[in-house]
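Visitor: Below is upload.cif; it holds mmCIF, C-alpha atoms and all ligand atoms.
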data_target
loop_
_atom_site.label_atom_id
_atom_site.label_comp_id
_atom_site.auth_asym_id
_atom_site.auth_seq_id
_atom_site.Cartn_x
_atom_site.Cartn_y
_atom_site.Cartn_z
CA MET A 41 -28.39 5.86 -19.37
CA SER A 42 -31.41 6.80 -21.46
CA ASP A 43 -34.83 5.15 -21.17
CA ARG A 44 -34.01 3.24 -24.33
CA TYR A 45 -33.00 0.08 -22.44
CA ASN A 46 -35.67 0.15 -19.70
CA ARG A 47 -37.51 -2.97 -20.78
CA GLN A 48 -34.50 -5.22 -21.17
CA LEU A 49 -33.14 -4.07 -17.81
CA LEU A 50 -36.10 -5.97 -16.33
CA ILE A 51 -34.56 -9.27 -17.51
CA GLU A 52 -32.88 -11.32 -14.81
CA ASN A 53 -29.05 -11.14 -14.86
CA TRP A 54 -29.08 -8.30 -17.41
CA ASP A 55 -26.04 -6.02 -17.34
CA GLN A 56 -26.36 -3.12 -19.78
CA GLU A 57 -22.95 -1.77 -18.83
CA LYS A 58 -21.33 -5.02 -20.01
CA LEU A 59 -23.13 -4.69 -23.33
CA LEU A 60 -22.02 -1.09 -23.77
CA GLN A 61 -18.40 -2.16 -23.11
CA SER A 62 -18.57 -4.99 -25.66
CA THR A 63 -17.54 -5.20 -29.29
CA VAL A 64 -19.24 -7.53 -31.73
CA THR A 65 -17.74 -8.16 -35.17
CA LEU A 66 -20.18 -9.04 -37.93
CA VAL A 67 -18.58 -10.83 -40.84
CA GLY A 68 -20.85 -10.46 -43.84
CA LEU A 69 -23.65 -7.88 -44.06
CA GLY A 70 -26.04 -10.14 -45.90
CA ALA A 71 -29.30 -11.71 -44.78
CA LEU A 72 -28.04 -12.88 -41.37
CA GLY A 73 -25.58 -10.03 -40.84
CA THR A 74 -28.07 -7.20 -41.33
CA VAL A 75 -30.75 -8.81 -39.13
CA ALA A 76 -28.19 -9.51 -36.41
CA ALA A 77 -26.64 -6.03 -36.65
CA ALA A 78 -30.04 -4.34 -36.27
CA SER A 79 -30.81 -6.39 -33.16
CA LEU A 80 -27.37 -5.77 -31.61
CA ALA A 81 -27.70 -2.02 -32.20
CA MET A 82 -31.16 -1.94 -30.60
CA THR A 83 -29.86 -3.90 -27.62
CA GLY A 84 -27.05 -1.38 -27.12
CA VAL A 85 -23.89 -3.36 -27.79
CA GLY A 86 -21.30 -0.56 -27.54
CA THR A 87 -19.24 -1.21 -30.68
CA LEU A 88 -20.08 -3.03 -33.89
CA ILE A 89 -17.35 -3.86 -36.41
CA LEU A 90 -18.84 -4.42 -39.87
CA VAL A 91 -16.78 -6.47 -42.32
CA ASP A 92 -17.93 -6.85 -45.92
CA PHE A 93 -16.40 -5.94 -49.28
CA ASP A 94 -19.56 -6.41 -51.33
CA THR A 95 -21.77 -3.90 -53.05
CA ILE A 96 -25.55 -4.07 -52.98
CA GLU A 97 -27.37 -5.90 -55.76
CA MET A 98 -31.06 -5.94 -56.60
CA SER A 99 -31.22 -9.67 -55.79
CA ASN A 100 -30.13 -8.91 -52.18
CA LEU A 101 -33.29 -6.95 -51.48
CA ASN A 102 -35.58 -9.90 -50.71
CA ARG A 103 -33.73 -10.59 -47.44
CA GLN A 104 -31.03 -8.05 -46.57
CA LEU A 105 -32.77 -5.76 -44.13
CA PHE A 106 -30.95 -2.44 -44.63
CA PHE A 107 -30.95 -2.06 -48.40
CA ARG A 108 -33.34 -0.18 -50.73
CA PRO A 109 -33.53 -0.07 -54.54
CA THR A 110 -31.71 3.29 -54.54
CA ASP A 111 -28.76 1.66 -52.74
CA VAL A 112 -27.88 -0.74 -55.57
CA GLY A 113 -24.18 -0.44 -56.38
CA LYS A 114 -23.26 1.13 -53.04
CA ALA A 115 -21.03 -0.53 -50.43
CA LYS A 116 -22.91 -2.73 -47.96
CA VAL A 117 -20.88 -1.50 -44.99
CA ASP A 118 -21.63 2.16 -45.80
CA ILE A 119 -25.40 1.77 -45.99
CA SER A 120 -25.45 -0.59 -43.00
CA ALA A 121 -23.47 1.87 -40.87
CA GLN A 122 -25.85 4.67 -41.85
CA ILE A 123 -28.96 2.67 -40.86
CA LEU A 124 -27.39 1.37 -37.65
CA HIS A 125 -26.52 4.91 -36.64
CA GLU A 126 -30.17 5.89 -37.15
CA ILE A 127 -31.33 2.92 -35.08
CA ASN A 128 -29.00 3.76 -32.20
CA PRO A 129 -26.83 6.89 -32.32
CA GLU A 130 -25.31 5.96 -28.93
CA ILE A 131 -23.13 3.13 -30.27
CA HIS A 132 -19.87 3.10 -32.26
CA ILE A 133 -19.72 1.62 -35.73
CA ASN A 134 -16.43 0.59 -37.31
CA LYS A 135 -16.62 -0.13 -41.05
CA LEU A 136 -14.15 -2.46 -42.76
CA ASN A 137 -14.87 -2.51 -46.49
CA MET A 138 -12.57 -5.44 -47.28
CA PRO A 139 -12.36 -9.23 -47.15
CA ILE A 140 -11.98 -10.49 -43.57
CA GLU A 141 -8.60 -11.99 -44.45
CA LYS A 142 -7.31 -8.46 -45.22
CA ALA A 143 -8.85 -6.78 -42.14
CA PRO A 144 -6.36 -5.44 -39.56
CA ARG A 145 -5.89 -8.14 -36.94
CA HIS A 146 -5.50 -5.73 -34.05
CA THR A 147 -8.99 -4.41 -34.82
CA LEU A 148 -10.56 -7.86 -35.08
CA GLU A 149 -8.82 -8.89 -31.86
CA THR A 150 -10.81 -6.28 -29.94
CA SER A 151 -13.96 -8.37 -30.51
CA THR A 152 -15.83 -9.79 -27.55
CA VAL A 153 -17.72 -12.09 -29.95
CA ILE A 154 -17.55 -12.71 -33.71
CA LEU A 155 -20.73 -13.40 -35.66
CA ASP A 156 -20.38 -15.08 -39.01
CA GLY A 157 -23.27 -15.40 -41.39
CA LEU A 158 -21.35 -16.17 -44.56
CA ASP A 159 -22.17 -18.44 -47.43
CA THR A 160 -18.62 -19.31 -48.43
CA PHE A 161 -17.13 -22.22 -46.59
CA GLN A 162 -13.53 -21.20 -47.17
CA THR A 163 -14.00 -17.83 -45.48
CA ARG A 164 -15.91 -19.50 -42.67
CA ARG A 165 -12.94 -21.76 -42.21
CA TRP A 166 -10.57 -18.81 -42.03
CA ILE A 167 -12.73 -17.08 -39.39
CA ASN A 168 -12.94 -20.27 -37.36
CA SER A 169 -9.16 -20.57 -37.26
CA PHE A 170 -8.83 -16.86 -36.43
CA ALA A 171 -11.34 -17.12 -33.57
CA ILE A 172 -9.54 -20.15 -32.12
CA GLY A 173 -6.10 -18.51 -32.47
CA SER A 174 -7.30 -15.27 -30.87
CA HIS A 175 -9.46 -16.92 -28.17
CA ILE A 176 -12.61 -15.10 -29.28
CA PRO A 177 -16.02 -16.85 -29.13
CA LEU A 178 -17.61 -17.38 -32.52
CA VAL A 179 -21.29 -17.68 -33.38
CA SER A 180 -21.76 -19.19 -36.80
CA GLY A 181 -25.09 -19.32 -38.59
CA GLY A 182 -26.21 -20.63 -41.93
CA ILE A 183 -29.41 -20.59 -43.97
CA TYR A 184 -30.62 -22.44 -47.03
CA SER A 185 -34.18 -22.33 -48.34
CA PHE A 186 -36.45 -23.14 -45.32
CA LEU A 187 -33.50 -24.57 -43.35
CA GLY A 188 -31.14 -22.97 -40.88
CA ASN A 189 -28.32 -23.93 -38.55
CA LEU A 190 -26.39 -22.47 -35.68
CA GLN A 191 -23.21 -23.33 -33.82
CA VAL A 192 -21.36 -21.57 -31.01
CA VAL A 193 -17.60 -22.06 -30.71
CA ILE A 194 -15.95 -21.24 -27.39
CA PRO A 195 -12.21 -21.62 -28.11
CA GLN A 196 -10.56 -24.49 -26.26
CA LYS A 197 -13.86 -25.39 -24.59
CA SER A 198 -16.27 -26.45 -27.30
CA PRO A 199 -15.76 -28.11 -30.68
CA CYS A 200 -14.70 -25.76 -33.47
CA LEU A 201 -16.15 -25.75 -36.99
CA GLU A 202 -13.26 -27.90 -38.17
CA CYS A 203 -13.81 -30.57 -35.48
CA GLN A 204 -16.81 -32.01 -37.25
CA SER A 205 -18.61 -31.93 -40.53
CA LEU A 206 -20.36 -28.54 -40.43
CA ILE A 207 -18.08 -27.60 -43.29
CA PRO A 208 -18.93 -30.25 -45.86
CA GLU A 209 -15.80 -31.92 -47.13
CA GLU A 210 -16.98 -31.74 -50.72
CA GLU A 211 -17.34 -27.95 -50.45
CA LEU A 212 -13.79 -27.61 -49.22
CA GLN A 213 -12.44 -29.87 -51.87
CA LYS A 214 -14.41 -28.09 -54.54
CA ALA A 215 -12.72 -24.90 -53.43
CA CYS A 216 -9.27 -26.43 -53.23
CA THR A 217 -7.50 -26.85 -56.52
CA PRO A 218 -5.83 -29.04 -57.78
CA PHE A 219 -8.71 -31.14 -56.47
CA GLY A 220 -11.08 -28.49 -57.75
CA GLU A 221 -9.46 -28.81 -61.16
CA VAL A 222 -9.86 -32.55 -60.99
CA ARG A 223 -13.47 -32.08 -59.99
CA LYS A 224 -14.05 -29.76 -62.94
CA GLU A 225 -12.76 -32.48 -65.23
CA ILE A 226 -15.09 -34.98 -63.60
CA HIS A 227 -18.08 -32.62 -63.45
CA PRO A 228 -17.72 -30.20 -66.39
CA GLU A 229 -21.48 -29.47 -66.17
CA GLU A 230 -21.02 -27.64 -62.86
CA LYS A 231 -21.32 -23.88 -63.08
CA GLU A 232 -18.70 -21.55 -61.66
CA GLU A 233 -21.23 -19.75 -59.49
CA GLU A 234 -24.02 -21.49 -57.66
CA PHE A 235 -26.98 -19.46 -56.50
CA ILE A 236 -28.42 -20.42 -53.14
CA PRO A 237 -32.16 -20.22 -52.34
CA TYR A 238 -32.86 -17.72 -49.54
CA VAL A 239 -35.95 -16.25 -47.92
CA SER A 240 -35.99 -13.54 -45.27
CA SER A 241 -38.24 -15.41 -42.81
CA VAL A 242 -35.41 -17.88 -42.20
CA SER A 243 -32.76 -15.18 -41.79
CA PHE A 244 -34.86 -13.49 -39.09
CA VAL A 245 -35.05 -16.77 -37.13
CA ILE A 246 -31.37 -17.68 -37.39
CA GLY A 247 -30.10 -14.06 -37.22
CA GLY A 248 -32.16 -13.60 -34.04
CA LEU A 249 -30.75 -16.78 -32.51
CA MET A 250 -27.20 -15.68 -33.35
CA VAL A 251 -27.71 -12.44 -31.44
CA GLN A 252 -29.28 -14.35 -28.55
CA GLU A 253 -26.10 -16.45 -28.26
CA ALA A 254 -23.85 -13.38 -28.55
CA LEU A 255 -25.78 -11.67 -25.73
CA LYS A 256 -25.50 -14.77 -23.53
CA ILE A 257 -21.74 -14.87 -24.06
CA ILE A 258 -21.42 -11.17 -23.20
CA LEU A 259 -23.64 -11.52 -20.12
CA GLY A 260 -21.72 -14.58 -18.93
CA LEU A 261 -24.62 -17.00 -19.39
CA PRO A 262 -23.92 -20.53 -20.70
CA PRO A 263 -24.09 -20.54 -24.50
CA LEU A 264 -25.59 -23.18 -26.79
CA LYS A 265 -23.53 -26.39 -26.56
CA GLU A 266 -24.97 -28.38 -29.41
CA TYR A 267 -25.28 -27.84 -33.14
CA LEU A 268 -28.77 -26.51 -33.72
CA PHE A 269 -30.57 -27.38 -36.90
CA TRP A 270 -33.92 -25.82 -37.82
CA ASP A 271 -36.22 -27.30 -40.41
CA GLY A 272 -38.59 -24.42 -41.02
CA LYS A 273 -40.81 -26.46 -43.31
CA ALA A 274 -41.53 -29.10 -40.68
CA GLY A 275 -41.24 -26.55 -37.85
CA ILE A 276 -38.70 -28.66 -35.98
CA PHE A 277 -35.54 -27.70 -34.10
CA THR A 278 -33.01 -30.51 -33.73
CA SER A 279 -29.95 -30.41 -31.47
CA VAL A 280 -27.00 -32.48 -32.55
CA PRO A 281 -24.34 -33.19 -29.91
CA LEU A 282 -20.82 -32.28 -30.96
CA GLU A 283 -17.47 -33.49 -29.76
CA ARG A 284 -14.04 -31.95 -29.92
CA ARG A 285 -11.70 -33.89 -32.10
CA GLU A 286 -8.42 -34.69 -30.40
CA ASP A 287 -6.55 -34.39 -33.69
CA CYS A 288 -8.39 -31.30 -35.00
CA ILE A 289 -5.87 -29.35 -37.06
CA VAL A 290 -7.23 -26.02 -35.80
CA CYS A 291 -8.23 -26.34 -32.15
CA SER A 292 -6.17 -29.21 -30.78
CA PRO A 293 -3.08 -27.84 -28.99
CA ARG A 294 -0.68 -29.90 -31.02
CA TYR A 295 -0.81 -31.40 -34.47
CA GLN A 296 1.16 -34.56 -34.79
CA LEU A 297 2.00 -36.15 -38.02
CA LYS A 298 2.81 -39.70 -37.22
CA ALA A 299 5.02 -42.15 -39.02
CA ILE A 300 6.21 -40.37 -42.10
CA PRO A 301 7.75 -43.30 -43.91
CA ILE A 302 10.62 -41.38 -45.49
CA ARG A 303 14.02 -40.51 -44.12
CA SER A 304 15.90 -39.40 -47.19
CA PRO A 305 13.02 -38.98 -49.55
CA SER A 306 13.03 -38.91 -53.29
CA ASP A 307 11.36 -36.07 -55.18
CA GLN A 308 8.45 -38.31 -56.07
CA GLN A 309 7.94 -39.34 -52.45
CA LEU A 310 7.96 -35.70 -51.46
CA LYS A 311 5.40 -34.82 -54.07
CA ASP A 312 3.25 -37.67 -52.78
CA PHE A 313 3.73 -36.41 -49.26
CA VAL A 314 2.65 -32.88 -50.13
CA ILE A 315 -0.42 -34.17 -51.95
CA GLN A 316 -1.23 -36.36 -48.97
CA LEU A 317 -0.89 -33.36 -46.69
CA GLN A 318 -3.13 -31.25 -48.92
CA TYR A 319 -5.70 -33.98 -49.16
CA SER A 320 -5.73 -34.88 -45.46
CA PHE A 321 -6.24 -31.30 -44.35
CA ASN A 322 -8.13 -29.87 -47.31
CA LEU A 323 -5.35 -27.46 -48.18
CA GLY A 324 -5.19 -25.59 -51.45
CA PRO A 325 -2.53 -25.19 -54.15
CA GLU A 326 -1.07 -22.14 -52.42
CA MET A 327 -0.12 -24.17 -49.39
CA ALA A 328 3.54 -23.88 -48.45
CA ILE A 329 5.77 -25.61 -45.94
CA LEU A 330 7.66 -23.46 -43.47
CA PHE A 331 10.68 -24.62 -41.53
CA GLN A 332 12.33 -22.25 -39.05
CA THR A 333 10.27 -19.44 -40.63
CA GLN A 334 11.85 -20.03 -44.05
CA LYS A 335 9.48 -20.84 -46.85
CA LEU A 336 10.76 -24.02 -48.41
CA ALA A 337 10.93 -25.04 -51.99
CA ILE A 338 10.04 -28.69 -52.01
CA THR A 339 13.28 -30.36 -52.95
CA SER A 340 14.41 -33.65 -51.50
CA GLU A 341 17.70 -32.28 -50.30
CA ARG A 342 16.20 -29.51 -48.21
CA VAL A 343 13.06 -31.22 -47.03
CA GLY A 344 15.06 -34.32 -46.18
CA LYS A 345 16.61 -32.34 -43.34
CA ILE A 346 13.21 -31.64 -41.82
CA PHE A 347 12.12 -35.20 -41.65
CA THR A 348 13.81 -36.15 -38.48
CA SER A 349 11.87 -37.32 -35.48
CA GLY A 350 10.86 -34.50 -33.19
CA ALA A 351 11.28 -31.86 -35.88
CA ILE A 352 8.57 -29.26 -36.08
CA PHE A 353 7.40 -27.74 -39.32
CA ARG A 354 4.56 -25.46 -40.24
CA VAL A 355 2.20 -25.37 -43.15
CA VAL A 356 0.67 -22.11 -44.34
CA ASP A 357 -2.49 -21.97 -46.38
CA PRO A 358 -4.56 -18.92 -47.36
CA THR A 359 -7.75 -20.56 -46.09
CA LEU A 360 -6.42 -20.54 -42.52
CA SER A 361 -5.57 -17.49 -40.45
CA SER A 362 -2.37 -18.92 -39.01
CA PRO A 363 0.08 -21.72 -39.89
CA LEU A 364 -0.59 -25.31 -38.86
CA LYS A 365 2.09 -26.77 -36.69
CA PHE A 366 3.23 -30.35 -37.10
CA GLU A 367 5.63 -32.38 -35.06
CA ILE A 368 7.16 -35.38 -36.75
CA ILE A 369 7.05 -38.61 -34.79
CA PHE A 370 8.53 -41.77 -36.23
CA ASP A 371 6.82 -44.92 -35.07
ZN ZN B 1 -11.48 -28.13 -33.80
#
Please lay out the structure from this file as structure tokens.

Guide:
Amino acid sequence: MSDRYNRQLLIENWDQEKLLQSTVTLVGLGALGTVAAASLAMTGVGTLILVDFDTIEMSNLNRQLFFRPTDVGKAKVDISAQILHEINPEIHINKLNMPIEKAPRHTLETSTVILDGLDTFQTRRWINSFAIGSHIPLVSGGIYSFLGNLQVVIPQKSPCLECQSLIPEEELQKACTPFGEVRKEIHPEEKEEEFIPYVSSVSFVIGGLMVQEALKIILGLPPLKEYLFWDGKAGIFTSVPLERREDCIVCSPRYQLKAIPIRSPSDQQLKDFVIQLQYSFNLGPEMAILFQTQKLAITSERVGKIFTSGAIFRVVDPTLSSPLKFEIIFD
């Protein structure tokens, strides 16, 4: 091993070999992603998987560490990989220039830890469900103006992002038509694209903390248990205790849909049921019901057969990485 890691080897419980054997996936090479990637490369994490389908814009340059004016228009993963290779030529970089939902699962499943520093709640939701389904720890960070937050999800041990209100309900519903359509009717003044205030000082704080948590997970040290909120203006860190939700649709082992009040339902009742399902679980218009792996058209005759006590059906939705499973229990 080169002298590169001498100083961190002095830290108690450090294991450089473990770091070199590890793979960290960075979803989003923006403000948090670039800061975190630079730190992980310096520390000598053996493999970094970079996932981003964006190209560089001039407005990224106030906070996204790797990019220069001459890079505008180029792919974020390409420039990031180039810089990371300069920082540490001893590590492997795997570039995925695509949305995370399209990334090959077998590649993502090699991750020791996933870091997500995204600003879209729907994608965050997808990653959360992927991390839970694949049993991969997730470190999720967010920034806004002088504020930042951080949460670590250890699948089946700690609460996931869906267990509590880190993903604001209104954001999900805004993203989920037909409710989004309804919202547009109610709030026609809302713009399609909302710009978020960002400053690099905040991304260095939260990006640094994300890496700290990733390193602790790799080294086998206990990770952050609580939701960490940082008010950079007041200079205050606040820890908020979190609890796993027994009926969480993503991380609870079984999703039970209790007391469906229909045995041979009419078409209208079925429509109501589907809307209730969408609304209860923030599902979008592309949601579909699966029964014995067949995608079902919602007709009373066919769906009527499903609604027997003990029957299991699945719901697929593009905002989740795998289907939700429901078991029907009549009261
Ligand atoms: Zn959960």

Visitor: Mind pulling up the distance from CA of Gly181 (chain A) to CA of Pro129 (chain A)?

Guide: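 CA of Gly181 (chain A) lies 27.0 Å from CA of Pro129 (chain A).
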
Visitor: Neighbours of ligand ZN 1 (chain B) at 12 Å or closer, counting only C-alpha atoms and all ligand atoms: which residues, as a VMD selection string?

Guide: chain A and resid 165 168 to 173 193 to 207 282 to 295

Visitor: Using all atoms listed in the file, determine which residues lie at most 12 Å from Leu264 (chain A), disregarding the query and same-chain residues fewer than 6 positions distant; provide the list as a PyMOL selection string.

Guide: chain A and resi 177-180+190-194+198-199+249-257+279-282

Visitor: Set the distance at 10 Å and use all atoms listed in the file: which residues neighbour Glu57 (chain A) once local chain neighbours fewer than 4 positions away are removed? I'd like the list as a ChimeraX atom specification.

Guide: /A:41,61-62,84-86,259

Visitor: For CA of Lys114 (chain A) and CA of Met98 (chain A), quote the distance in Å rounded to one decimal.

Guide: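 Taking CA of Lys114 (chain A) and CA of Met98 (chain A), their separation equals 11.1 Å.
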
Visitor: How many Å lie between CA of Ile131 (chain A) and CA of Arg47 (chain A), rounded to one decimal?

Guide: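 Calculated distance between CA of Ile131 (chain A) and CA of Arg47 (chain A) is 18.3 Å.
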
Visitor: Can you work out which one of A:Asn134, A:Thr83, A:Gln122, A:Asn53 has the shortest atom-to-atom distance to Leu66 (chain A), counting all atoms listed in the file?

Guide: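 Checking each of A:Asn134, A:Thr83, A:Gln122, A:Asn53 against Leu66 (chain A), counting all atoms listed in the file, the winner is A:Asn134.
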
Visitor: Wanna dump the region 81-117 of chain A-region 139-145 of chain A contacts at 10 Å for me, each residue with its shortest atom pair and the distance in Å to one decimal, counting all atoms listed in the file, ordered by chain and number, as a Markdown table?

Guide:
| residue | atom | partner | partner_atom | distance |
| --- | --- | --- | --- | --- |
| A:Leu90 | CA | A:Ile140 | CA | 9.9 |
| A:Val91 | CA | A:Ile140 | CA | 6.4 |
| A:Asp92 | CA | A:Pro139 | CA | 6.2 |
| A:Phe93 | CA | A:Pro139 | CA | 5.6 |
| A:Asp94 | CA | A:Pro139 | CA | 8.8 |

Visitor: Please provide the set of residues having any atom within 10 Å of Pro237 (chain A), restricted to all atoms listed in the file, with same-chain residues fewer than 3 positions apart removed, written as an MDAnalysis selection string.

Guide: chainID A and resid 183:186 234

Visitor: Considering all atoms listed in the file, state which residue in the set A:Ala71, A:Val64, A:Val245, A:Ile96 is at the smallest distance from Ile176 (chain A).

Guide: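 Residue with the minimum atom-to-atom distance to Ile176 (chain A): A:Val64.
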
Visitor: Between A:Gly68, A:Pro109, A:Pro363, A:Gly157, which one has atoms that come closest to Gly248 (chain A), using all atoms listed in the file?

Guide: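 Selected residue with least distance to Gly248 (chain A): A:Gly157.
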
Visitor: Skip Thr95 (chain A) itself and residues of its chain fewer than 3 positions away, then list as a ChimeraX atom specification all residues within 9 Å of it, counting all atoms listed in the file.

Guide: /A:92,111-117

Visitor: Pick from A:Phe161, A:Phe269, A:Phe366, A:Phe107: nearest to Asn322 (chain A), with all atoms listed in the file counted?

Guide: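 Result for the nearest residue to Asn322 (chain A): A:Phe161.
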